[in-house]
>>> print(open('data13.txt').read())   # compact mmCIF, C-alpha atoms and all ligand atoms
# COMPACT_ATOMS: atom_id res chain seq x y z
CA MET A 11 0.00 0.00 0.00
CA SER A 12 1.45 3.41 -0.91
CA SER A 13 1.67 6.13 1.74
CA LEU A 14 -0.92 8.08 -0.25
CA ALA A 15 -3.48 5.45 0.66
CA ILE A 16 -3.19 6.14 4.41
CA GLU A 17 -5.29 9.30 4.36
CA PRO A 18 -6.85 9.83 7.81
CA CYS A 19 -10.60 10.40 7.93
CA PRO A 20 -11.95 10.87 4.42
CA ALA A 21 -10.70 7.33 3.64
CA GLU A 22 -13.64 5.99 5.72
CA LEU A 23 -16.12 7.80 3.53
CA SER A 24 -17.35 6.06 0.39
CA PRO A 25 -16.37 7.98 -2.77
CA SER A 26 -20.03 8.56 -3.63
CA LEU A 27 -20.84 9.97 -0.18
CA LEU A 28 -17.75 12.20 -0.26
CA ALA A 29 -18.83 13.50 -3.69
CA ALA A 30 -22.38 14.12 -2.43
CA VAL A 31 -21.13 16.08 0.61
CA ALA A 32 -18.64 18.05 -1.53
CA ASN A 33 -21.41 18.81 -4.02
CA GLU A 34 -23.69 20.16 -1.26
CA ALA A 35 -20.90 22.40 0.06
CA ALA A 36 -19.94 23.64 -3.42
CA SER A 37 -23.48 24.48 -4.46
CA GLY A 38 -24.99 25.57 -1.12
CA LEU A 39 -22.15 27.64 0.31
CA THR A 40 -21.62 29.60 -2.91
CA ALA A 41 -25.35 30.36 -3.23
CA ASN A 42 -26.88 33.60 -2.03
CA PRO A 43 -28.26 33.19 0.61
CA LYS A 44 -25.99 30.32 1.71
CA THR A 45 -27.69 26.98 2.35
CA LEU A 46 -26.82 23.41 3.35
CA SER A 47 -29.16 20.44 2.86
CA PRO A 48 -30.67 18.95 6.03
CA TRP A 49 -29.68 15.38 5.09
CA LEU A 50 -26.17 16.46 6.12
CA PHE A 51 -27.36 16.56 9.76
CA TYR A 52 -27.61 12.80 9.95
CA ASP A 53 -24.07 11.48 10.37
CA GLU A 54 -23.54 9.25 13.42
CA ALA A 55 -23.25 12.16 15.88
CA GLY A 56 -26.19 14.03 14.29
CA SER A 57 -28.44 10.97 14.37
CA ALA A 58 -27.66 10.50 18.08
CA LEU A 59 -28.43 14.20 18.71
CA PHE A 60 -31.72 13.85 16.83
CA GLU A 61 -32.64 10.89 19.08
CA GLU A 62 -31.93 13.17 22.05
CA ILE A 63 -34.11 15.91 20.53
CA THR A 64 -37.07 13.53 20.34
CA ARG A 65 -36.88 13.12 24.14
CA LEU A 66 -36.58 16.84 24.98
CA PRO A 67 -39.37 18.44 27.02
CA GLU A 68 -39.77 21.18 24.37
CA TYR A 69 -39.89 18.80 21.37
CA TYR A 70 -43.51 17.73 21.73
CA LEU A 71 -43.78 16.20 18.23
CA THR A 72 -42.57 12.65 18.90
CA ARG A 73 -44.38 12.06 22.16
CA THR A 74 -47.60 13.66 20.89
CA GLU A 75 -47.70 11.52 17.77
CA ARG A 76 -46.96 8.46 19.88
CA ALA A 77 -49.86 9.35 22.22
CA ILE A 78 -52.21 9.69 19.23
CA PHE A 79 -51.15 6.25 17.98
CA THR A 80 -51.61 4.75 21.44
CA ALA A 81 -55.11 6.22 21.73
CA HIS A 82 -56.28 5.36 18.20
CA ALA A 83 -54.22 2.43 16.87
CA ASP A 84 -57.11 -0.04 16.86
CA GLU A 85 -59.42 2.40 15.14
CA ILE A 86 -56.75 3.30 12.56
CA LEU A 87 -56.24 -0.38 11.73
CA GLU A 88 -59.95 -1.08 11.61
CA VAL A 89 -60.71 1.79 9.24
CA ALA A 90 -57.60 1.16 7.12
CA SER A 91 -58.19 -2.56 6.66
CA ALA A 92 -61.94 -2.36 5.96
CA GLY A 93 -62.15 -6.05 6.84
CA ARG A 94 -59.23 -7.16 4.64
CA CYS A 95 -55.79 -8.52 5.53
CA MET A 96 -53.06 -5.84 5.68
CA THR A 97 -49.37 -5.32 5.05
CA MET A 98 -47.65 -2.21 6.41
CA ALA A 99 -44.96 -0.23 4.58
CA GLU A 100 -43.13 2.75 6.05
CA LEU A 101 -41.28 5.57 4.25
CA GLY A 102 -38.14 6.73 6.07
CA ALA A 103 -38.70 4.17 8.78
CA GLY A 104 -35.51 4.87 10.75
CA THR A 105 -35.49 2.53 13.73
CA ALA A 106 -39.30 2.35 13.59
CA THR A 107 -39.84 2.87 17.32
CA LYS A 108 -43.34 4.41 17.09
CA THR A 109 -44.42 1.95 14.41
CA GLY A 110 -44.51 -0.81 17.04
CA ILE A 111 -47.78 0.61 18.39
CA LEU A 112 -49.49 0.20 15.00
CA LEU A 113 -47.87 -3.19 14.37
CA ARG A 114 -49.15 -4.50 17.70
CA ALA A 115 -52.64 -3.33 16.74
CA ALA A 116 -52.23 -5.11 13.39
CA VAL A 117 -51.27 -8.46 14.95
CA ARG A 118 -54.27 -8.19 17.27
CA ARG A 119 -56.43 -8.26 14.12
CA GLN A 120 -54.50 -10.79 12.04
CA SER A 121 -51.88 -13.07 13.54
CA GLN A 122 -49.26 -12.52 10.80
CA VAL A 123 -48.25 -9.12 9.40
CA MET A 124 -45.62 -8.26 6.82
CA TYR A 125 -43.90 -4.97 7.63
CA GLN A 126 -41.85 -3.27 4.88
CA PRO A 127 -39.64 -0.46 6.24
CA ILE A 128 -37.97 1.68 3.55
CA ASP A 129 -34.94 3.74 4.54
CA VAL A 130 -31.57 5.00 3.28
CA SER A 131 -29.80 3.75 6.38
CA ASP A 132 -28.78 0.12 6.36
CA SER A 133 -27.95 0.17 10.07
CA CYS A 134 -31.40 1.57 10.96
CA LEU A 135 -33.09 -1.16 8.91
CA ILE A 136 -31.03 -3.88 10.60
CA GLU A 137 -31.82 -2.43 14.04
CA ALA A 138 -35.53 -2.06 13.21
CA ARG A 139 -35.77 -5.64 11.97
CA ALA A 140 -34.03 -7.13 15.01
CA ALA A 141 -36.06 -5.07 17.50
CA ILE A 142 -39.45 -5.64 15.89
CA GLU A 143 -39.07 -9.35 15.20
CA ALA A 144 -37.84 -9.89 18.78
CA LYS A 145 -40.57 -7.83 20.43
CA ILE A 146 -43.65 -8.35 18.27
CA PRO A 147 -44.27 -11.99 17.43
CA GLY A 148 -46.25 -12.37 14.22
CA VAL A 149 -44.48 -9.54 12.37
CA THR A 150 -42.17 -10.43 9.49
CA VAL A 151 -39.90 -7.53 8.54
CA VAL A 152 -38.97 -7.16 4.86
CA PRO A 153 -36.62 -4.15 4.69
CA GLN A 154 -35.89 -2.12 1.58
CA LEU A 155 -32.77 0.04 1.28
CA ALA A 156 -33.86 3.03 -0.81
CA ASN A 157 -34.08 6.81 -0.87
CA TYR A 158 -37.78 7.41 -1.43
CA MET A 159 -37.00 10.93 -2.69
CA THR A 160 -34.73 9.90 -5.53
CA GLN A 161 -35.36 6.18 -6.12
CA ARG A 162 -38.35 4.12 -7.12
CA ILE A 163 -39.76 2.21 -4.19
CA ALA A 164 -41.53 -1.12 -4.58
CA ILE A 165 -44.12 -2.22 -2.02
CA SER A 166 -45.07 -5.91 -2.13
CA ARG A 167 -48.67 -6.98 -1.77
CA PRO A 168 -49.09 -10.46 -0.28
CA ARG A 169 -52.23 -12.21 -1.57
CA GLN A 170 -54.86 -9.50 -2.02
CA ALA A 171 -53.84 -7.72 1.14
CA ARG A 172 -54.49 -4.02 1.53
CA ILE A 173 -51.43 -1.85 1.93
CA LEU A 174 -51.24 0.56 4.85
CA ALA A 175 -48.44 3.03 4.09
CA LEU A 176 -46.94 5.06 6.94
CA TYR A 177 -45.25 8.39 6.54
CA ILE A 178 -45.00 9.64 10.09
CA GLY A 179 -42.85 11.73 12.43
CA SER A 180 -43.53 14.98 10.53
CA SER A 181 -40.88 13.85 8.03
CA ILE A 182 -42.90 15.31 5.17
CA GLY A 183 -42.41 18.73 6.78
CA ASN A 184 -38.74 18.76 5.85
CA PHE A 185 -39.60 18.91 2.14
CA SER A 186 -40.87 21.84 0.07
CA PRO A 187 -44.57 21.70 -0.83
CA LYS A 188 -43.63 20.62 -4.38
CA GLN A 189 -41.34 17.83 -3.14
CA ALA A 190 -43.96 16.74 -0.59
CA ARG A 191 -46.54 16.41 -3.36
CA GLU A 192 -44.11 14.40 -5.50
CA ILE A 193 -43.28 12.02 -2.63
CA LEU A 194 -46.97 11.34 -2.01
CA GLN A 195 -47.71 10.99 -5.73
CA ASN A 196 -44.88 8.44 -6.07
CA LEU A 197 -46.24 6.56 -3.09
CA ARG A 198 -49.75 6.70 -4.56
CA GLY A 199 -48.29 5.05 -7.69
CA GLN A 200 -47.54 1.96 -5.58
CA LEU A 201 -51.06 1.74 -4.17
CA GLU A 202 -54.47 0.66 -5.40
CA PRO A 203 -57.74 2.45 -4.66
CA GLY A 204 -58.79 1.48 -1.14
CA ASP A 205 -55.23 1.18 0.21
CA ALA A 206 -54.47 3.54 3.08
CA LEU A 207 -51.90 6.07 4.26
CA VAL A 208 -51.15 7.32 7.77
CA LEU A 209 -49.51 10.74 7.57
CA GLY A 210 -48.05 12.49 10.64
CA THR A 211 -47.87 16.29 10.40
CA ASP A 212 -46.96 18.98 12.88
CA LEU A 213 -49.55 21.75 13.12
CA ALA A 214 -49.01 25.46 12.50
CA PRO A 215 -49.49 27.84 15.40
CA GLY A 216 -53.06 29.08 15.57
CA THR A 217 -55.93 28.94 17.96
CA HIS A 218 -54.43 26.12 20.04
CA LYS A 219 -50.67 26.26 19.70
CA ASP A 220 -48.75 29.46 20.26
CA GLU A 221 -45.70 30.46 18.30
CA ALA A 222 -43.44 30.32 21.40
CA THR A 223 -44.26 26.62 21.93
CA LEU A 224 -43.30 25.90 18.34
CA VAL A 225 -40.08 27.92 18.35
CA ALA A 226 -39.00 26.36 21.68
CA ALA A 227 -39.29 22.90 20.09
CA TYR A 228 -36.50 24.00 17.71
CA ASP A 229 -34.48 26.04 20.22
CA ASP A 230 -34.44 24.05 23.45
CA ALA A 231 -33.02 25.29 26.72
CA ALA A 232 -30.40 22.52 26.92
CA GLY A 233 -28.95 23.51 23.54
CA ILE A 234 -29.32 20.06 21.95
CA THR A 235 -30.94 21.44 18.79
CA ALA A 236 -28.17 24.05 18.60
CA ALA A 237 -25.58 21.26 18.79
CA PHE A 238 -27.51 19.29 16.13
CA ASN A 239 -27.49 22.34 13.84
CA ARG A 240 -23.79 23.15 14.38
CA ASN A 241 -22.85 19.51 13.86
CA ILE A 242 -23.36 20.09 10.14
CA LEU A 243 -20.25 22.30 10.20
CA THR A 244 -18.30 19.75 12.25
CA ARG A 245 -19.21 17.22 9.57
CA LEU A 246 -17.84 19.45 6.79
CA ASN A 247 -14.64 19.92 8.80
CA ARG A 248 -14.20 16.19 9.25
CA GLU A 249 -15.29 14.95 5.85
CA LEU A 250 -14.09 17.78 3.60
CA GLY A 251 -11.25 19.22 5.72
CA ALA A 252 -13.07 22.59 6.05
CA ASP A 253 -11.96 24.96 8.82
CA PHE A 254 -15.26 26.17 10.31
CA ASP A 255 -14.89 27.43 13.90
CA THR A 256 -18.29 26.26 15.13
CA SER A 257 -18.18 28.64 18.12
CA ARG A 258 -18.39 31.51 15.63
CA PHE A 259 -21.84 30.42 14.43
CA ALA A 260 -25.05 30.73 16.44
CA HIS A 261 -28.11 28.51 16.14
CA ARG A 262 -31.25 30.35 15.08
CA ALA A 263 -34.80 28.96 14.85
CA VAL A 264 -37.18 31.35 13.10
CA TRP A 265 -40.92 31.01 12.45
CA ASN A 266 -41.69 32.09 8.86
CA ALA A 267 -45.47 32.64 8.95
CA GLY A 268 -45.72 33.43 5.21
CA GLU A 269 -44.27 30.03 4.27
CA SER A 270 -45.74 28.25 7.32
CA ARG A 271 -42.37 26.81 8.33
CA ILE A 272 -39.75 26.87 11.03
CA GLU A 273 -36.38 27.70 9.53
CA MET A 274 -33.10 26.71 11.11
CA HIS A 275 -30.08 28.87 10.35
CA LEU A 276 -26.48 29.16 11.48
CA GLU A 277 -25.63 32.82 11.93
CA SER A 278 -22.08 34.05 11.55
CA LEU A 279 -21.24 35.99 14.72
CA MET A 280 -18.54 38.04 12.97
CA ALA A 281 -17.08 38.80 9.58
CA GLN A 282 -14.92 35.76 8.84
CA ARG A 283 -13.48 33.57 6.11
CA VAL A 284 -13.78 29.79 5.89
CA TYR A 285 -11.73 27.54 3.62
CA VAL A 286 -12.99 24.25 2.18
CA PRO A 287 -10.28 22.30 0.29
CA ALA A 288 -10.92 20.74 -3.13
CA ASN A 289 -12.68 17.37 -2.83
CA ALA A 290 -13.97 14.75 -5.25
CA GLY A 291 -13.48 16.97 -8.30
CA PHE A 292 -15.09 20.02 -6.67
CA PRO A 293 -12.84 23.11 -6.47
CA ALA A 294 -11.61 24.59 -3.18
CA LEU A 295 -13.88 27.27 -1.66
CA ASP A 296 -12.63 30.44 -0.02
CA LEU A 297 -15.80 31.68 1.64
CA ALA A 298 -16.48 35.11 3.06
CA PHE A 299 -19.15 35.52 5.76
CA ALA A 300 -20.47 38.92 6.82
CA GLU A 301 -21.41 39.41 10.47
CA GLY A 302 -25.06 38.32 10.81
CA GLU A 303 -25.06 36.36 7.53
CA THR A 304 -26.68 32.95 7.85
CA ILE A 305 -26.47 29.47 6.39
CA HIS A 306 -30.04 28.18 6.01
CA THR A 307 -29.90 24.54 7.09
CA GLU A 308 -33.50 23.31 7.43
CA ASN A 309 -37.17 24.02 6.79
CA SER A 310 -39.80 22.28 8.85
CA TYR A 311 -43.22 22.98 7.33
CA LYS A 312 -46.26 23.15 9.60
CA PHE A 313 -49.78 22.34 8.45
CA THR A 314 -53.44 23.01 9.09
CA ALA A 315 -56.17 20.39 8.70
CA ALA A 316 -57.07 22.09 5.41
CA SER A 317 -53.51 22.20 4.04
CA VAL A 318 -53.04 18.49 4.82
CA GLU A 319 -56.27 17.74 2.99
CA ALA A 320 -55.21 19.77 -0.06
CA LEU A 321 -51.80 18.09 -0.17
CA LEU A 322 -53.38 14.64 0.01
CA ARG A 323 -56.02 15.47 -2.58
CA ASP A 324 -53.35 16.63 -5.07
CA ALA A 325 -51.60 13.29 -4.63
CA GLY A 326 -54.71 11.12 -5.13
CA PHE A 327 -55.84 10.51 -1.54
CA ALA A 328 -59.04 11.36 0.35
CA ILE A 329 -59.15 11.79 4.12
CA ALA A 330 -60.86 8.97 6.00
CA LYS A 331 -60.22 10.34 9.48
CA GLN A 332 -58.05 12.94 11.15
CA PHE A 333 -56.80 12.64 14.74
CA GLU A 334 -55.38 15.47 16.83
CA ASP A 335 -54.19 15.55 20.42
CA ALA A 336 -56.29 17.55 22.89
CA ARG A 337 -53.84 20.50 22.76
CA GLY A 338 -54.01 20.77 18.95
CA LEU A 339 -50.25 20.31 18.57
CA PHE A 340 -50.00 17.49 16.05
CA ALA A 341 -52.21 15.68 13.52
CA VAL A 342 -52.30 12.08 12.35
CA THR A 343 -54.32 11.74 9.17
CA LEU A 344 -55.67 8.47 7.86
CA ALA A 345 -56.28 8.76 4.12
CA ARG A 346 -57.46 6.38 1.44
CA ALA A 347 -56.06 6.08 -2.08
CA VAL A 348 -58.81 7.04 -4.53
C1 LIG B 1 -36.83 14.91 11.23
N1 LIG B 1 -37.67 16.09 11.30
C2 LIG B 1 -39.09 15.75 11.25
C3 LIG B 1 -37.34 17.00 12.41
C4 LIG B 1 -38.28 18.23 12.39
O1 LIG B 1 -38.91 18.47 13.42
O2 LIG B 1 -38.38 18.90 11.37
C5 LIG B 1 -35.89 17.45 12.34
C6 LIG B 1 -35.53 18.43 13.42
N2 LIG B 1 -34.89 19.54 13.25
C7 LIG B 1 -34.72 20.15 14.39
N3 LIG B 1 -35.30 19.44 15.33
C8 LIG B 1 -35.80 18.34 14.75
>>> encode(input="data13.txt", output="structure tokens", more="lines below")
Ligand code: AVI
Amino acid sequence: MSSLAIEPCPAELSPSLLAAVANEAASGLTANPKTLSPWLFYDEAGSALFEEITRLPEYYLTRTERAIFTAHADEILEVASAGRCMTMAELGAGTATKTGILLRAAVRRQSQVMYQPIDVSDSCLIEARAAIEAKIPGVTVVPQLANYMTQRIAISRPRQARILALYIGSSIGNFSPKQAREILQNLRGQLEPGDALVLGTDLAPGTHKDEATLVAAYDDAAGITAAFNRNILTRLNRELGADFDTSRFAHRAVWNAGESRIEMHLESLMAQRVYVPANAGFPALDLAFAEGETIHTENSYKFTAASVEALLRDAGFAIAKQFEDARGLFAVTLARAV
């Protein structure tokens, strides 16, 4: 092996991932305003920080959706199945922790259930399969490694079963309205009329939820979301050899009422320069930041009952039932493919 082969960290990165990260930096950090794509959050450290976020007192989304599932799982399965056998498929399943509630309700109705989690992370799929098959007898996990945004997904239908597709956790909120419609239209392409979808969406501030509750969910007192946001810069330092000083960037969570979304930004606390070396065929970047300039790292769209309905209608679904928690924080919508 030549000495050139013993490069330290980037050697652990697959060439295609390195190129994807370099591409994001080259396009996003030279744009005006500067942006970085939120998928960059989810390296190992970022995924662990996100798990921590889901347990924060301010981040009501995960526990509220779980409570809605716990209260309504049997009804969801009854309406979705309409007396037929079911298989469940989940977009962006991750480790599928909340899905267990719906799977348990499914095996109460039919002793055997095929569960098809679809995710870009191999390790999450392996973990989900091991945990679910160990804890919920009667469930057979058939994982699919795919990016549902960019790749065709294929959902199997065992003998005339109805498909219940899950797209939960407010994941749809991290896509633009156009992308969200495309994701649901692609999913609809895998379904037949009568199949069902459970969609989890966070609700916009309004009569029930105030703006402060929403903003706090993205700017918690313990600073975990700030660490999650800044980790994107740590990742560029490690994987691309960039020289961001993360202490010179502040986490900002801003409610954009016009677009109905929470925006996360990293704000440069001073005028500064940052260097990103050439990587994977992308040229080196010598970046200038003005004091107060931000890198826009994430959008998290928030919905109303009406905007969820319109989104579903455009993608070929009709609402069968909508569930909200008593505080009007979060909605779980059960829709039928038409
Ligand atoms: C993954 N996604 C639904 C989260 C959200 O709420 O938009 C990501 C997140 N960003 C900051 N906190 C959580």
>>> atom_distance(input="data13.txt", atom1="CA of Leu194 in chain A", atom2="atom C6 of ligand LIG 1 (chain B)")
20.5 Å
>>> residues_around(input="data13.txt", residues="Lys145 in chain A", least_positions_apart="4", cutoff="10 Å", atoms="only C-alpha atoms", output="JSON list (two decimals) with C-alpha atoms, keeping the file's coordinate frame")
[["chain", "number", "residue", "atom", "x", "y", "z"],
["A", 110, "GLY", "CA", -44.51, -0.81, 17.04],
["A", 114, "ARG", "CA", -49.15, -4.50, 17.70],
["A", 139, "ARG", "CA", -35.77, -5.64, 11.97],
["A", 140, "ALA", "CA", -34.03, -7.13, 15.01],
["A", 141, "ALA", "CA", -36.06, -5.07, 17.50],
["A", 149, "VAL", "CA", -44.48, -9.54, 12.37]]
>>> residues_near_ligand(input="data13.txt", ligand="ligand LIG 1 (chain B)", cutoff="10 Å", atoms="only C-alpha atoms and all ligand atoms", output="PyMOL selection string")
chain A and resi 48-49+51-52+57+59-64+69-72+102+178-185+210-212+224+227-230+234-236+238-239+263+271-274+307-312
>>> residues_around(input="data13.txt", residues="Leu246 in chain A", least_positions_apart="6", cutoff="12 Å", atoms="all atoms listed in the file", output="list in words")
Cys19, Pro20, Leu28, Ala30, Val31, Ala32, Asn33, Glu34, Ala35, Ala36, Leu39, Leu46, Leu50, Phe51, Asp53, Arg240, Ala252, Asp253, Phe254, Asp255, Thr256, Val284, Tyr285, Val286, Pro287 and Asn289 of chain A
>>> residues_around(input="data13.txt", residues="range 116-130 of chain A", least_positions_apart="6", cutoff="6 Å", atoms="only C-alpha atoms", output="ChimeraX atom specification")
/A:97-103,148-157
>>> atom_distance(input="data13.txt", atom1="CA of Ala206 in chain A", atom2="CA of Ser91 in chain A")
8.0 Å
>>> residues_near_point(input="data13.txt", point="(-23.1, 33.0, -1.1)", cutoff="12 Å", atoms="all atoms listed in the file", output="number ranges by chain")
A: 35-46, 295-300, 303-306
>>> write_last_selection(input="data13.txt", atoms="C-alpha atoms", output="PDB file, in the coordinates of the input")
ATOM      1  CA  ALA A  35     -20.900  22.400   0.060  1.00  0.00           C
ATOM      2  CA  ALA A  36     -19.940  23.640  -3.420  1.00  0.00           C
ATOM      3  CA  SER A  37     -23.480  24.480  -4.460  1.00  0.00           C
ATOM      4  CA  GLY A  38     -24.990  25.570  -1.120  1.00  0.00           C
ATOM      5  CA  LEU A  39     -22.150  27.640   0.310  1.00  0.00           C
ATOM      6  CA  THR A  40     -21.620  29.600  -2.910  1.00  0.00           C
ATOM      7  CA  ALA A  41     -25.350  30.360  -3.230  1.00  0.00           C
ATOM      8  CA  ASN A  42     -26.880  33.600  -2.030  1.00  0.00           C
ATOM      9  CA  PRO A  43     -28.260  33.190   0.610  1.00  0.00           C
ATOM     10  CA  LYS A  44     -25.990  30.320   1.710  1.00  0.00           C
ATOM     11  CA  THR A  45     -27.690  26.980   2.350  1.00  0.00           C
ATOM     12  CA  LEU A  46     -26.820  23.410   3.350  1.00  0.00           C
ATOM     13  CA  LEU A 295     -13.880  27.270  -1.660  1.00  0.00           C
ATOM     14  CA  ASP A 296     -12.630  30.440  -0.020  1.00  0.00           C
ATOM     15  CA  LEU A 297     -15.800  31.680   1.640  1.00  0.00           C
ATOM     16  CA  ALA A 298     -16.480  35.110   3.060  1.00  0.00           C
ATOM     17  CA  PHE A 299     -19.150  35.520   5.760  1.00  0.00           C
ATOM     18  CA  ALA A 300     -20.470  38.920   6.820  1.00  0.00           C
ATOM     19  CA  GLU A 303     -25.060  36.360   7.530  1.00  0.00           C
ATOM     20  CA  THR A 304     -26.680  32.950   7.850  1.00  0.00           C
ATOM     21  CA  ILE A 305     -26.470  29.470   6.390  1.00  0.00           C
ATOM     22  CA  HIS A 306     -30.040  28.180   6.010  1.00  0.00           C
TER      23      HIS A 306
END
>>> residues_around(input="data13.txt", residues="Glu85 in chain A", least_positions_apart="2", cutoff="12 Å", atoms="only C-alpha atoms", output="list in words")
Ile78, Phe79, Thr80, Ala81, His82, Ala83, Leu87, Glu88, Val89, Ala90, Ser91, Ala92, Leu112, Ala115, Ala116, Arg118, Arg119, Ala330, Lys331, Gln332, Phe333 and Leu344 of chain A
>>> closest_residue(input="data13.txt", among="A:Ala325, A:Ile86, A:Met280, A:Ala232", to="Val342 in chain A", atoms="only C-alpha atoms")
A:Ile86
>>> atom_distance(input="data13.txt", atom1="CA of Ala222 in chain A", atom2="CA of Leu66 in chain A")
15.5 Å
>>> residues_around(input="data13.txt", residues="range 213-218 of chain A", least_positions_apart="6", cutoff="9 Å", atoms="all atoms listed in the file", output="ChimeraX atom specification")
/A:224,267,270-271,311-315,337-341
>>> closest_residue(input="data13.txt", among="A:Ala144, A:Leu201, A:Val264, A:Leu279", to="Gly302 in chain A", atoms="all atoms listed in the file")
A:Leu279
>>> axis_aligned_box(input="data13.txt", around="range 202-214 of chain A", padding_each_side="5 Å", output="lines of an AutoDock Vina configuration file")
center_x = -52.9
center_y = 13.1
center_z = 3.9
size_x = 21.8
size_y = 34.8
size_z = 28.5
>>> closest_residue(input="data13.txt", among="A:Arg283, A:Ala175, A:Glu221, A:Phe259", to="Thr343 in chain A", atoms="all atoms listed in the file")
A:Ala175
>>> closest_residue(input="data13.txt", among="A:Val225, A:Pro187, A:Arg323, A:Ala55", to="Asn266 in chain A", atoms="all atoms listed in the file")
A:Val225
>>> closest_residue(input="data13.txt", among="A:Ala106, A:Leu250, A:Cys95, A:Leu276", to="Leu27 in chain A", atoms="all atoms listed in the file")
A:Leu250
>>> closest_residue(input="data13.txt", among="A:His275, A:Leu243, A:Pro203, A:Ser257", to="Ala328 in chain A", atoms="all atoms listed in the file")
A:Pro203
